[in-house]
file input-v6.csv (CSV, C-alpha atoms and all ligand atoms)
chain,number,residue,atom,x,y,z
F,1335,MET,CA,123.1,126.6,165.3
F,1336,ASN,CA,121.4,129.7,166.8
F,1337,VAL,CA,119.7,129.7,170.2
F,1338,GLN,CA,117.2,132.5,169.3
F,1339,GLU,CA,116.1,130.7,166.1
F,1340,LEU,CA,115.7,127.3,167.8
F,1341,THR,CA,113.7,128.9,170.7
F,1342,HIS,CA,111.6,130.7,168.2
F,1343,ASP,CA,110.9,127.5,166.3
F,1344,LEU,CA,109.9,125.5,169.4
F,1345,VAL,CA,107.7,128.3,170.8
F,1346,ALA,CA,105.9,128.5,167.5
F,1347,ILE,CA,104.7,124.9,167.9
F,1348,PRO,CA,101.9,124.7,170.5
F,1349,SER,CA,102.5,121.8,172.9
F,1350,VAL,CA,100.1,122.2,175.8
F,1351,SER,CA,100.3,119.2,178.1
F,1352,ARG,CA,96.8,117.9,177.2
F,1353,ASP,CA,97.7,117.7,173.5
F,1354,THR,CA,100.2,115.5,171.7
F,1355,ASN,CA,103.8,116.9,171.7
F,1356,LYS,CA,104.7,115.0,168.5
F,1357,GLU,CA,105.5,118.1,166.4
F,1358,VAL,CA,107.7,119.8,169.1
F,1359,ALA,CA,109.4,116.4,169.6
F,1360,ASP,CA,110.1,116.2,165.9
F,1361,ARG,CA,111.6,119.6,165.8
F,1362,SER,CA,113.7,118.9,168.9
F,1363,GLU,CA,114.9,115.6,167.5
F,1364,ALA,CA,116.0,117.3,164.2
F,1365,ALA,CA,118.0,119.9,166.3
F,1366,LEU,CA,119.6,117.1,168.4
F,1367,LEU,CA,120.6,115.2,165.2
F,1368,GLU,CA,122.0,118.4,163.7
F,1369,ALA,CA,124.0,118.9,167.0
F,1370,GLY,CA,125.6,115.5,166.6
F,1371,PHE,CA,123.5,113.4,168.9
F,1372,SER,CA,122.1,109.9,168.4
F,1373,VAL,CA,118.5,110.0,169.5
F,1374,GLU,CA,116.3,107.4,171.2
F,1375,ARG,CA,112.6,108.2,170.8
F,1376,LEU,CA,110.1,106.8,173.4
F,1377,LEU,CA,106.3,106.8,172.9
F,1378,TYR,CA,103.5,106.4,175.4
F,1379,ILE,CA,99.8,106.9,175.4
F,1380,ASP,CA,98.5,109.1,178.2
F,1381,ASP,CA,95.4,108.5,180.2
F,1382,ALA,CA,93.3,110.4,177.7
F,1383,GLY,CA,94.6,108.3,174.8
F,1384,VAL,CA,96.9,111.0,173.5
F,1385,GLU,CA,100.4,110.1,172.0
F,1386,LYS,CA,103.3,111.6,173.9
F,1387,PHE,CA,107.0,111.4,172.8
F,1388,ASN,CA,110.1,111.6,174.9
F,1389,LEU,CA,113.6,111.9,173.6
F,1390,VAL,CA,117.0,110.9,175.0
F,1391,GLY,CA,120.0,112.1,173.0
F,1392,LYS,CA,123.6,111.0,173.5
F,1393,LYS,CA,126.7,112.5,172.0
F,1394,GLY,CA,130.2,111.0,172.5
F,1395,ASP,CA,131.3,107.7,174.0
F,1396,GLY,CA,132.6,106.6,177.4
F,1397,GLN,CA,131.2,106.3,180.9
F,1398,GLY,CA,129.6,108.9,183.2
F,1399,GLY,CA,129.3,112.3,181.6
F,1400,LEU,CA,126.7,115.1,181.9
F,1401,GLY,CA,123.0,115.1,181.1
F,1402,PHE,CA,120.8,118.2,180.4
F,1403,PHE,CA,117.0,117.6,181.1
F,1404,SER,CA,114.1,119.7,179.9
F,1405,HIS,CA,110.4,119.3,179.1
F,1406,SER,CA,108.7,120.1,175.9
F,1407,ASP,CA,105.1,120.6,177.1
F,1408,THR,CA,103.7,123.9,178.3
F,1409,VAL,CA,100.8,125.2,180.3
F,1410,PRO,CA,97.9,126.5,178.2
F,1411,GLY,CA,98.5,129.7,176.2
F,1412,ASP,CA,95.7,131.7,177.8
F,1413,GLU,CA,94.0,134.7,176.3
F,1414,GLY,CA,94.9,138.3,175.8
F,1415,TRP,CA,98.1,137.7,173.7
F,1416,GLU,CA,99.5,135.6,170.9
F,1417,PRO,CA,101.2,132.8,172.8
F,1418,TYR,CA,102.5,130.9,169.7
F,1419,ALA,CA,103.6,133.9,167.6
F,1420,PRO,CA,107.1,134.3,169.1
F,1421,ARG,CA,108.5,137.8,168.7
F,1422,ILE,CA,111.6,139.6,169.8
F,1423,ALA,CA,111.4,143.0,171.4
F,1424,ASP,CA,113.3,144.9,174.1
F,1425,GLY,CA,116.0,142.2,174.3
F,1426,ARG,CA,113.4,139.6,175.1
F,1427,LEU,CA,111.8,136.7,173.2
F,1428,TYR,CA,108.1,136.5,174.0
F,1429,GLY,CA,105.8,133.5,173.7
F,1430,ARG,CA,104.4,130.5,175.7
F,1431,GLY,CA,107.2,128.3,176.8
F,1432,SER,CA,110.0,130.8,176.0
F,1433,CYS,CA,111.1,130.7,179.6
F,1434,ASP,CA,109.4,127.4,180.8
F,1435,MET,CA,111.2,125.9,179.1
F,1436,LYS,CA,111.8,125.8,175.4
F,1437,GLY,CA,114.4,128.6,175.7
F,1438,PRO,CA,116.4,126.6,178.3
F,1439,LEU,CA,116.1,123.4,176.2
F,1440,SER,CA,117.3,125.2,173.1
F,1441,ALA,CA,120.3,126.6,175.0
F,1442,SER,CA,121.4,123.1,176.1
F,1443,ILE,CA,121.2,121.8,172.5
F,1444,VAL,CA,123.1,124.7,171.0
F,1445,ALA,CA,125.8,124.5,173.7
F,1446,ALA,CA,126.3,120.8,173.0
F,1447,SER,CA,126.4,121.5,169.2
F,1448,GLN,CA,129.5,123.7,169.8
F,1449,VAL,CA,131.5,120.7,171.2
F,1450,ASN,CA,133.2,118.2,169.0
F,1451,ALA,CA,132.2,114.6,169.8
F,1452,ASN,CA,135.8,113.5,169.2
F,1453,ASP,CA,137.0,115.7,172.1
F,1454,LEU,CA,134.6,114.1,174.6
F,1455,LYS,CA,136.0,111.6,177.1
F,1456,HIS,CA,132.6,111.3,178.7
F,1457,PRO,CA,129.2,111.6,176.8
F,1458,VAL,CA,126.7,114.4,176.9
F,1459,PHE,CA,123.0,113.5,177.2
F,1460,ILE,CA,119.9,115.6,176.5
F,1461,GLY,CA,116.5,114.5,177.8
F,1462,VAL,CA,113.3,116.1,176.4
F,1463,THR,CA,110.2,115.0,178.2
F,1464,SER,CA,106.4,115.4,177.9
F,1465,ASP,CA,103.8,116.0,180.6
F,1466,GLU,CA,106.1,117.7,183.1
F,1467,GLU,CA,103.3,120.2,184.0
F,1468,VAL,CA,100.9,117.4,184.8
F,1469,GLY,CA,102.7,114.9,186.9
F,1470,HIS,CA,106.2,114.3,185.4
F,1471,ALA,CA,105.1,111.2,183.3
F,1472,GLY,CA,107.8,111.8,180.7
F,1473,ALA,CA,110.6,112.0,183.2
F,1474,LYS,CA,109.3,108.8,184.8
F,1475,GLN,CA,109.1,107.1,181.4
F,1476,ILE,CA,112.7,107.9,180.3
F,1477,SER,CA,114.0,106.9,183.8
F,1478,ALA,CA,112.2,103.6,183.7
F,1479,GLU,CA,112.4,102.7,180.0
F,1480,SER,CA,115.2,104.5,178.1
F,1481,ALA,CA,117.7,101.9,176.8
F,1482,THR,CA,120.2,104.7,176.4
F,1483,LEU,CA,120.0,105.7,180.1
F,1484,ALA,CA,119.6,102.1,181.3
F,1485,ALA,CA,122.9,101.3,179.6
F,1486,ALA,CA,124.7,104.1,181.6
F,1487,TRP,CA,123.3,107.1,183.3
F,1488,PRO,CA,125.4,110.3,183.2
F,1489,GLN,CA,127.3,110.9,186.4
F,1490,PHE,CA,125.9,114.5,186.5
F,1491,ALA,CA,122.4,115.9,185.6
F,1492,VAL,CA,121.4,119.5,185.1
F,1493,VAL,CA,117.7,120.2,185.1
F,1494,CYS,CA,117.5,123.3,182.9
F,1495,GLU,CA,114.4,124.9,184.5
F,1496,PRO,CA,114.7,128.7,184.8
F,1497,SER,CA,116.8,129.8,187.8
F,1498,LEU,CA,118.6,132.8,186.3
F,1499,MET,CA,121.6,130.5,185.9
F,1500,THR,CA,122.0,130.2,189.6
F,1501,PRO,CA,122.8,126.6,190.7
F,1502,VAL,CA,120.1,125.1,192.8
F,1503,TYR,CA,120.7,122.1,195.1
F,1504,ALA,CA,117.3,121.6,196.7
F,1505,HIS,CA,113.6,122.4,196.5
F,1506,LYS,CA,110.6,121.6,198.6
F,1507,GLY,CA,108.3,118.6,197.8
F,1508,ALA,CA,104.5,118.5,198.3
F,1509,ILE,CA,102.1,116.3,200.4
F,1510,THR,CA,98.4,116.6,199.6
F,1511,ILE,CA,95.8,114.8,201.7
F,1512,VAL,CA,92.2,114.7,200.5
F,1513,VAL,CA,89.7,113.9,203.3
F,1514,THR,CA,86.1,113.1,202.6
F,1515,ALA,CA,83.1,112.9,204.9
F,1516,HIS,CA,79.8,111.5,203.7
F,1517,GLY,CA,76.3,112.6,204.8
F,1518,VAL,CA,72.7,112.3,203.6
F,1519,ALA,CA,71.2,115.0,201.4
F,1520,ALA,CA,67.7,116.2,202.3
F,1521,HIS,CA,65.7,119.4,202.5
F,1522,SER,CA,66.3,120.8,205.9
F,1523,SER,CA,62.5,121.2,206.5
F,1524,THR,CA,62.2,117.4,206.6
F,1525,ASP,CA,64.8,116.7,209.3
F,1526,LYS,CA,65.7,113.6,207.4
F,1527,GLY,CA,69.2,114.6,206.3
F,1528,GLU,CA,72.6,114.2,207.8
F,1529,SER,CA,75.1,117.0,207.2
F,1530,ALA,CA,78.5,115.9,206.1
F,1531,ASN,CA,79.7,119.3,207.1
F,1532,PHE,CA,78.8,118.8,210.8
F,1533,LYS,CA,80.7,115.5,210.7
F,1534,MET,CA,83.7,117.3,209.2
F,1535,ALA,CA,83.6,120.3,211.6
F,1536,PRO,CA,85.5,118.9,214.6
F,1537,PHE,CA,88.3,117.7,212.2
F,1538,LEU,CA,88.6,121.2,210.8
F,1539,VAL,CA,89.0,122.6,214.3
F,1540,GLU,CA,91.8,120.1,214.9
F,1541,MET,CA,93.5,121.1,211.7
F,1542,SER,CA,93.3,124.8,212.6
F,1543,GLU,CA,95.0,124.0,215.9
F,1544,LEU,CA,97.7,122.0,214.1
F,1545,ALA,CA,98.3,124.9,211.7
F,1546,LYS,CA,99.3,127.2,214.5
F,1547,GLU,CA,101.7,124.5,215.9
F,1548,PHE,CA,103.2,123.8,212.4
F,1549,LYS,CA,103.9,127.5,212.0
F,1550,SER,CA,105.3,128.4,215.4
F,1551,ASN,CA,107.2,125.3,216.4
F,1552,PRO,CA,110.9,125.5,215.2
F,1553,GLY,CA,110.9,121.7,214.9
F,1554,TYR,CA,108.7,122.1,211.8
F,1555,ARG,CA,111.1,124.5,210.0
F,1556,ASN,CA,114.2,124.2,207.9
F,1557,GLY,CA,116.2,127.4,207.6
F,1558,GLU,CA,117.8,126.3,204.3
F,1559,PHE,CA,114.5,127.2,202.6
F,1560,ASP,CA,112.8,130.5,202.1
F,1561,PRO,CA,110.3,130.7,203.6
F,1562,PRO,CA,111.5,128.1,206.2
F,1563,THR,CA,107.9,126.9,207.0
F,1564,ASN,CA,105.9,124.2,205.3
F,1565,GLY,CA,103.1,126.3,204.0
F,1566,PHE,CA,100.4,124.1,205.7
F,1567,ASN,CA,97.1,125.0,204.0
F,1568,MET,CA,93.5,123.8,204.0
F,1569,VAL,CA,90.6,124.2,201.5
F,1570,ILE,CA,87.1,122.9,202.0
F,1571,ASN,CA,84.3,122.0,199.5
F,1572,ASP,CA,80.8,120.8,199.9
F,1573,GLY,CA,79.9,121.2,196.3
F,1574,GLY,CA,78.1,124.5,196.9
F,1575,THR,CA,75.2,122.9,198.8
F,1576,ALA,CA,72.2,125.3,199.2
F,1577,ALA,CA,71.6,126.6,202.8
F,1578,ASN,CA,68.3,124.6,203.1
F,1579,VAL,CA,69.9,121.3,202.1
F,1580,THR,CA,72.1,119.0,204.2
F,1581,ALA,CA,75.4,118.4,202.5
F,1582,ALA,CA,75.9,114.9,201.1
F,1583,LYS,CA,79.6,115.3,201.0
F,1584,SER,CA,82.2,117.5,202.6
F,1585,VAL,CA,85.8,117.4,201.3
F,1586,CYS,CA,88.7,118.9,203.2
F,1587,THR,CA,92.0,119.1,201.4
F,1588,VAL,CA,95.2,119.8,203.4
F,1589,CYS,CA,98.6,120.2,201.8
F,1590,LEU,CA,102.0,121.1,202.9
F,1591,ARG,CA,105.3,121.8,201.1
F,1592,SER,CA,107.6,119.1,202.5
F,1593,MET,CA,111.3,119.7,203.4
F,1594,PRO,CA,114.0,117.4,204.8
F,1595,ARG,CA,114.5,117.5,208.6
F,1596,SER,CA,111.3,119.5,209.2
F,1597,GLY,CA,108.9,116.9,210.5
F,1598,SER,CA,107.0,116.6,207.2
F,1599,GLU,CA,106.5,112.8,207.5
F,1600,ALA,CA,105.4,113.2,211.2
F,1601,ILE,CA,102.8,115.8,210.1
F,1602,GLU,CA,101.5,113.4,207.5
F,1603,ARG,CA,101.2,110.5,210.0
F,1604,LEU,CA,99.5,112.7,212.5
F,1605,ILE,CA,96.9,113.9,210.1
F,1606,LEU,CA,96.2,110.4,208.8
F,1607,GLU,CA,95.8,109.1,212.3
F,1608,ARG,CA,93.1,111.7,212.9
F,1609,VAL,CA,91.4,110.8,209.6
F,1610,THR,CA,91.3,107.2,210.7
F,1611,ALA,CA,89.9,108.1,214.1
F,1612,TYR,CA,87.0,109.9,212.4
F,1613,GLY,CA,86.4,107.2,209.9
F,1614,PHE,CA,86.7,109.5,206.9
F,1615,GLU,CA,87.7,108.5,203.4
F,1616,VAL,CA,91.3,109.6,202.5
F,1617,GLN,CA,93.5,109.9,199.4
F,1618,THR,CA,97.1,111.1,199.5
F,1619,PHE,CA,99.4,112.2,196.8
F,1620,GLY,CA,102.4,114.5,196.3
F,1621,HIS,CA,105.9,114.7,195.0
F,1622,ALA,CA,109.2,114.1,196.7
F,1623,VAL,CA,111.7,116.7,198.0
F,1624,PHE,CA,114.7,117.4,195.7
F,1625,TYR,CA,117.8,117.5,197.9
F,1626,SER,CA,121.4,117.1,196.9
F,1627,ASP,CA,124.8,117.9,198.3
F,1628,ARG,CA,125.3,121.6,198.2
F,1629,ASP,CA,129.1,121.0,197.8
F,1630,SER,CA,128.9,118.2,195.2
F,1631,THR,CA,131.4,118.3,192.3
F,1632,LEU,CA,128.6,119.5,190.0
F,1633,ALA,CA,127.3,122.2,192.3
F,1634,ARG,CA,130.8,123.5,193.0
F,1635,THR,CA,131.7,123.5,189.3
F,1636,ALA,CA,128.5,125.3,188.3
F,1637,CYS,CA,129.1,127.9,191.0
F,1638,GLU,CA,132.7,128.4,189.7
F,1639,LEU,CA,131.4,128.9,186.2
F,1640,THR,CA,128.6,131.3,187.1
F,1641,GLY,CA,130.4,133.3,189.8
F,1642,HIS,CA,128.0,132.2,192.6
F,1643,GLU,CA,129.5,131.6,196.0
F,1644,GLN,CA,127.1,128.7,196.8
F,1645,ALA,CA,124.2,126.8,195.4
F,1646,ILE,CA,120.8,127.8,196.7
F,1647,THR,CA,117.3,126.4,197.4
F,1648,VAL,CA,114.1,127.4,195.5
F,1649,PRO,CA,110.4,127.1,196.4
F,1650,TYR,CA,109.2,125.6,193.1
F,1651,GLY,CA,109.3,122.0,192.1
F,1652,THR,CA,111.0,120.3,189.1
F,1653,GLU,CA,111.8,116.9,187.6
F,1654,ALA,CA,115.0,116.9,189.6
F,1655,VAL,CA,113.0,114.7,192.1
F,1656,THR,CA,113.2,111.9,189.6
F,1657,TYR,CA,116.7,112.4,188.2
F,1658,GLN,CA,118.3,112.8,191.7
F,1659,ASN,CA,117.8,109.0,192.0
F,1660,PHE,CA,120.2,108.3,189.2
F,1661,ALA,CA,122.7,111.1,189.0
F,1662,GLU,CA,124.4,113.9,190.9
F,1663,THR,CA,121.8,116.6,190.2
F,1664,ILE,CA,121.3,120.4,190.2
F,1665,VAL,CA,118.7,122.7,188.7
F,1666,MET,CA,120.2,125.5,186.6
F,1667,GLY,CA,118.7,127.3,183.7
F,1668,PRO,CA,118.2,130.6,182.0
F,1669,GLY,CA,115.3,132.9,182.6
F,1670,ASN,CA,113.3,134.0,185.6
F,1671,VAL,CA,110.8,131.4,186.9
F,1672,ALA,CA,108.5,134.4,187.7
F,1673,GLN,CA,107.8,134.4,183.9
F,1674,ALA,CA,106.6,130.8,183.9
F,1675,HIS,CA,102.9,130.3,183.2
F,1676,THR,CA,102.3,134.1,182.7
F,1677,VAL,CA,100.4,135.9,180.0
F,1678,GLY,CA,103.1,137.6,178.0
F,1679,GLU,CA,105.8,135.1,179.1
F,1680,TYR,CA,109.3,136.0,177.9
F,1681,ILE,CA,112.9,135.1,178.3
F,1682,GLU,CA,115.8,137.7,178.2
F,1683,LEU,CA,118.0,137.1,175.2
F,1684,ASP,CA,121.1,137.6,177.2
F,1685,GLN,CA,120.0,134.8,179.6
F,1686,LEU,CA,119.8,132.5,176.6
F,1687,ASP,CA,123.3,133.5,175.5
F,1688,ARG,CA,124.7,133.1,179.0
F,1689,ALA,CA,123.2,129.7,179.3
F,1690,VAL,CA,124.8,128.5,176.0
F,1691,ASP,CA,128.1,129.8,177.3
F,1692,VAL,CA,127.8,128.3,180.8
F,1693,TYR,CA,126.5,124.9,179.5
F,1694,ARG,CA,129.3,124.7,176.9
F,1695,ARG,CA,131.9,125.4,179.6
F,1696,LEU,CA,130.3,122.9,181.9
F,1697,ILE,CA,130.5,120.2,179.2
F,1698,LYS,CA,134.2,121.1,178.7
F,1699,LYS,CA,135.0,120.9,182.4
F,1700,LEU,CA,133.1,117.7,183.1
F,1701,CYS,CA,133.3,115.7,179.8
F,1702,GLN,CA,136.6,116.6,178.2
W,1801,ZN,ZN,109.0,123.9,183.6
call {"tool": "encode", "arguments": {"input": "input-v6.csv", "output": "structure tokens"}}
result
Amino acid sequence: MNVQELTHDLVAIPSVSRDTNKEVADRSEAALLEAGFSVERLLYIDDAGVEKFNLVGKKGDGQGGLGFFSHSDTVPGDEGWEPYAPRIADGRLYGRGSCDMKGPLSASIVAASQVNANDLKHPVFIGVTSDEEVGHAGAKQISAESATLAAAWPQFAVVCEPSLMTPVYAHKGAITIVVTAHGVAAHSSTDKGESANFKMAPFLVEMSELAKEFKSNPGYRNGEFDPPTNGFNMVINDGGTAANVTAAKSVCTVCLRSMPRSGSEAIERLILERVTAYGFEVQTFGHAVFYSDRDSTLARTACELTGHEQAITVPYGTEAVTYQNFAETIVMGPGNVAQAHTVGEYIELDQLDRAVDVYRRLIKKLCQ
């Protein structure tokens, strides 16, 4: 089984998150079967009524073992290039999803294909999920519903998102708070209106004061992350109300990148208290922090195999936030995350080869 060929085949199948991923799931399933896996296929219907498929492959018997987790959906292809006509040039494979993350997925399948099932004392798992780019629905489904995983999760999990094959033990989470003030729209000449923006204004002043505090106070930092700050940000929207009309609605969205031991929960509480005091409408959402032991067996073994002194933190989010609840987890995959979501996305061919090599050796270390 050839990693360039498999990556090529998967990239050639469009699988933007809003569309069904059936075809790319079919091709992935065929590769898993060829690599000696038994495959569980899970279906769900997304909010738009579109069929989505998730796969959980297992190879070998026994308890514990090692799982590789990837997603099969991509962001849209965008214009100005041919996103689904994969091509190889300059030692790179170009195409949408080559780096994020059909190349990494292919590397995990090819690595596992090179290991004989009879030599495994502990099983190898491969998870292939949908809808990672739009809320991690696939990862949540396999975690909640996969019979294979429910029977026994692997002891170790590698999320194969691009990290240039550097082991990652933590990344930031996100907290988003949407605050809405309501007013009454009227032409300003009538004096009958009530501007939602004027209601919102004092709250905005408070947020700008807090922003200074969140940036300067060391209590809101965590030096393990780069940057060590929580990226507190605010955007405002009154729907483009004309200057001679009072705004019916004013929406302020604040968000921060949460980290452990950096007062993230305290910030959220503080903001929600102020929202309540003003009587505004509020919605909050976000995703958790991924944080594992930097010196875990998996992190240390991965460092040993890749020649890194220590696992690192990264600023981008992954499905590790889900898998960390079930297994000792790291993020480690081929390719540079700077390529993700770009026009002209590519993955270096030697990154793919290196991933196959490292993943295969990781399987041998942890499962044989
Ligand atoms: Zn990704």
call {"tool": "closest_atom_pairs", "arguments": {"input": "input-v6.csv", "of": "chain F", "to": "ligand ZN 1801 (chain W)", "cutoff": "10 Å", "atoms": "only C-alpha atoms and all ligand atoms", "output": "CSV"}}
result
residue,atom,partner,partner_atom,distance
F:Ser1404,CA,W:ZN1801,ZN,7.6
F:His1405,CA,W:ZN1801,ZN,6.6
F:Ser1406,CA,W:ZN1801,ZN,8.6
F:Asp1407,CA,W:ZN1801,ZN,8.3
F:Thr1408,CA,W:ZN1801,ZN,7.5
F:Val1409,CA,W:ZN1801,ZN,8.9
F:Gly1431,CA,W:ZN1801,ZN,8.3
F:Cys1433,CA,W:ZN1801,ZN,8.2
F:Asp1434,CA,W:ZN1801,ZN,4.5
F:Met1435,CA,W:ZN1801,ZN,5.4
F:Lys1436,CA,W:ZN1801,ZN,8.9
F:Pro1438,CA,W:ZN1801,ZN,9.5
F:Asp1465,CA,W:ZN1801,ZN,9.9
F:Glu1466,CA,W:ZN1801,ZN,6.9
F:Glu1467,CA,W:ZN1801,ZN,6.8
F:Val1493,CA,W:ZN1801,ZN,9.6
F:Cys1494,CA,W:ZN1801,ZN,8.5
F:Glu1495,CA,W:ZN1801,ZN,5.6
F:Pro1496,CA,W:ZN1801,ZN,7.5
F:Tyr1650,CA,W:ZN1801,ZN,9.7
F:Gly1651,CA,W:ZN1801,ZN,8.7
F:Thr1652,CA,W:ZN1801,ZN,6.9
F:Glu1653,CA,W:ZN1801,ZN,8.5
F:Val1671,CA,W:ZN1801,ZN,8.4
F:Ala1674,CA,W:ZN1801,ZN,7.3
F:His1675,CA,W:ZN1801,ZN,8.9
call {"tool": "atom_distance", "arguments": {"input": "input-v6.csv", "atom1": "atom CA of F:Asp1525", "atom2": "atom CA of F:Val1513"}}
result
25.8 Å
call {"tool": "residues_around", "arguments": {"input": "input-v6.csv", "residues": "stretch 1550-1559 of chain F", "least_positions_apart": "5", "cutoff": "6 Å", "atoms": "all atoms listed in the file", "output": "list in words"}}
result
Ser1596, Gly1597 and Thr1647 of chain F
call {"tool": "residues_around", "arguments": {"input": "input-v6.csv", "residues": "stretch 1530-1543 of chain F", "least_positions_apart": "2", "cutoff": "9 Å", "atoms": "all atoms listed in the file", "output": "list in words"}}
result
Thr1514, Ala1515, His1516, Gly1517, Val1518, Ala1519, Glu1528, Ala1545, Lys1546, Glu1547, Phe1548, Met1568, Asp1572, Thr1580, Ala1581, Ala1582, Lys1583, Ser1584, Val1585, Cys1586, Val1588, Ile1605, Arg1608, Val1609, Tyr1612 and Phe1614 of chain F
call {"tool": "closest_residue", "arguments": {"input": "input-v6.csv", "among": "F:Ala1486, F:Val1384, F:Ala1645, F:Ile1509", "to": "F:Glu1602", "atoms": "all atoms listed in the file"}}
result
F:Ile1509
call {"tool": "closest_atom_pairs", "arguments": {"input": "input-v6.csv", "of": "stretch 1406-1499 of chain F", "to": "stretch 1342-1345 of chain F", "cutoff": "7 Å", "atoms": "all atoms listed in the file", "output": "JSON lines"}}
result
{"residue": "F:Tyr1418", "atom": "CA", "partner": "F:Val1345", "partner_atom": "CA", "distance": 5.9}
{"residue": "F:Pro1420", "atom": "CA", "partner": "F:His1342", "partner_atom": "CA", "distance": 5.8}
{"residue": "F:Gly1429", "atom": "CA", "partner": "F:Val1345", "partner_atom": "CA", "distance": 6.2}
{"residue": "F:Arg1430", "atom": "CA", "partner": "F:Val1345", "partner_atom": "CA", "distance": 6.3}
{"residue": "F:Gly1431", "atom": "CA", "partner": "F:Val1345", "partner_atom": "CA", "distance": 6.0}
{"residue": "F:Ser1432", "atom": "CA", "partner": "F:Val1345", "partner_atom": "CA", "distance": 6.2}
{"residue": "F:Lys1436", "atom": "CA", "partner": "F:Leu1344", "partner_atom": "CA", "distance": 6.3}
call {"tool": "residues_near_point", "arguments": {"input": "input-v6.csv", "point": "(114.0, 140.4, 175.3)", "cutoff": "12 Å", "atoms": "only C-alpha atoms", "output": "list in words"}}
result
Gln1338, Pro1420, Arg1421, Ile1422, Ala1423, Asp1424, Gly1425, Arg1426, Leu1427, Tyr1428, Gly1429, Ser1432, Cys1433, Gly1437, Gly1669, Gly1678, Glu1679, Tyr1680, Ile1681, Glu1682, Leu1683, Asp1684, Gln1685, Leu1686 and Asp1687 of chain F
call {"tool": "write_last_selection", "arguments": {"input": "input-v6.csv", "atoms": "C-alpha atoms", "output": "PDB file, in the coordinates of the input"}}
result
ATOM      1  CA  GLN F1338     117.200 132.500 169.300  1.00  0.00           C
ATOM      2  CA  PRO F1420     107.100 134.300 169.100  1.00  0.00           C
ATOM      3  CA  ARG F1421     108.500 137.800 168.700  1.00  0.00           C
ATOM      4  CA  ILE F1422     111.600 139.600 169.800  1.00  0.00           C
ATOM      5  CA  ALA F1423     111.400 143.000 171.400  1.00  0.00           C
ATOM      6  CA  ASP F1424     113.300 144.900 174.100  1.00  0.00           C
ATOM      7  CA  GLY F1425     116.000 142.200 174.300  1.00  0.00           C
ATOM      8  CA  ARG F1426     113.400 139.600 175.100  1.00  0.00           C
ATOM      9  CA  LEU F1427     111.800 136.700 173.200  1.00  0.00           C
ATOM     10  CA  TYR F1428     108.100 136.500 174.000  1.00  0.00           C
ATOM     11  CA  GLY F1429     105.800 133.500 173.700  1.00  0.00           C
ATOM     12  CA  SER F1432     110.000 130.800 176.000  1.00  0.00           C
ATOM     13  CA  CYS F1433     111.100 130.700 179.600  1.00  0.00           C
ATOM     14  CA  GLY F1437     114.400 128.600 175.700  1.00  0.00           C
ATOM     15  CA  GLY F1669     115.300 132.900 182.600  1.00  0.00           C
ATOM     16  CA  GLY F1678     103.100 137.600 178.000  1.00  0.00           C
ATOM     17  CA  GLU F1679     105.800 135.100 179.100  1.00  0.00           C
ATOM     18  CA  TYR F1680     109.300 136.000 177.900  1.00  0.00           C
ATOM     19  CA  ILE F1681     112.900 135.100 178.300  1.00  0.00           C
ATOM     20  CA  GLU F1682     115.800 137.700 178.200  1.00  0.00           C
ATOM     21  CA  LEU F1683     118.000 137.100 175.200  1.00  0.00           C
ATOM     22  CA  ASP F1684     121.100 137.600 177.200  1.00  0.00           C
ATOM     23  CA  GLN F1685     120.000 134.800 179.600  1.00  0.00           C
ATOM     24  CA  LEU F1686     119.800 132.500 176.600  1.00  0.00           C
ATOM     25  CA  ASP F1687     123.300 133.500 175.500  1.00  0.00           C
TER      26      ASP F1687
END
call {"tool": "residues_near_point", "arguments": {"input": "input-v6.csv", "point": "(67.6, 124.2, 203.8)", "cutoff": "6 Å", "atoms": "all atoms listed in the file", "output": "VMD selection string"}}
result
chain F and resid 1521 to 1522 1577 to 1579
call {"tool": "atom_distance", "arguments": {"input": "input-v6.csv", "atom1": "atom CA of F:Ser1440", "atom2": "atom CA of F:Asp1381"}}
result
28.4 Å
call {"tool": "residues_around", "arguments": {"input": "input-v6.csv", "residues": "F:Gln1489", "least_positions_apart": "5", "cutoff": "10 Å", "atoms": "all atoms listed in the file", "output": "list in words"}}
result
Gln1397, Gly1398, Gly1399, Leu1400, Gly1401, His1456, Pro1457, Leu1632, Phe1660, Ala1661, Glu1662, Thr1663 and Leu1700 of chain F
call {"tool": "residues_around", "arguments": {"input": "input-v6.csv", "residues": "stretch 1359-1373 of chain F", "least_positions_apart": "5", "cutoff": "6 Å", "atoms": "all atoms listed in the file", "output": "VMD selection string"}}
result
chain F and resid 1390 to 1393 1447
call {"tool": "residues_around", "arguments": {"input": "input-v6.csv", "residues": "F:Gln1617", "least_positions_apart": "5", "cutoff": "10 Å", "atoms": "all atoms listed in the file", "output": "compact mmCIF listing (two decimals) with C-alpha atoms, keeping the file's coordinate frame"}}
result
# COMPACT_ATOMS: atom_id res chain seq x y z
CA THR F 1510 98.40 116.60 199.60
CA ILE F 1511 95.80 114.80 201.70
CA VAL F 1512 92.20 114.70 200.50
CA VAL F 1513 89.70 113.90 203.30
CA THR F 1514 86.10 113.10 202.60
CA THR F 1587 92.00 119.10 201.40
CA LEU F 1606 96.20 110.40 208.80
call {"tool": "closest_residue", "arguments": {"input": "input-v6.csv", "among": "F:Val1677, F:Ile1347, F:Ala1636, F:Leu1340", "to": "F:Glu1416", "atoms": "only C-alpha atoms"}}
result
F:Val1677
call {"tool": "closest_residue", "arguments": {"input": "input-v6.csv", "among": "F:Ala1611, F:Ala1481, F:Ala1346, F:Leu1544", "to": "F:Ala1419", "atoms": "all atoms listed in the file"}}
result
F:Ala1346
call {"tool": "closest_residue", "arguments": {"input": "input-v6.csv", "among": "F:Ala1485, F:Lys1386, F:Lys1506, F:Glu1374", "to": "F:Ala1654", "atoms": "only C-alpha atoms"}}
result
F:Lys1506
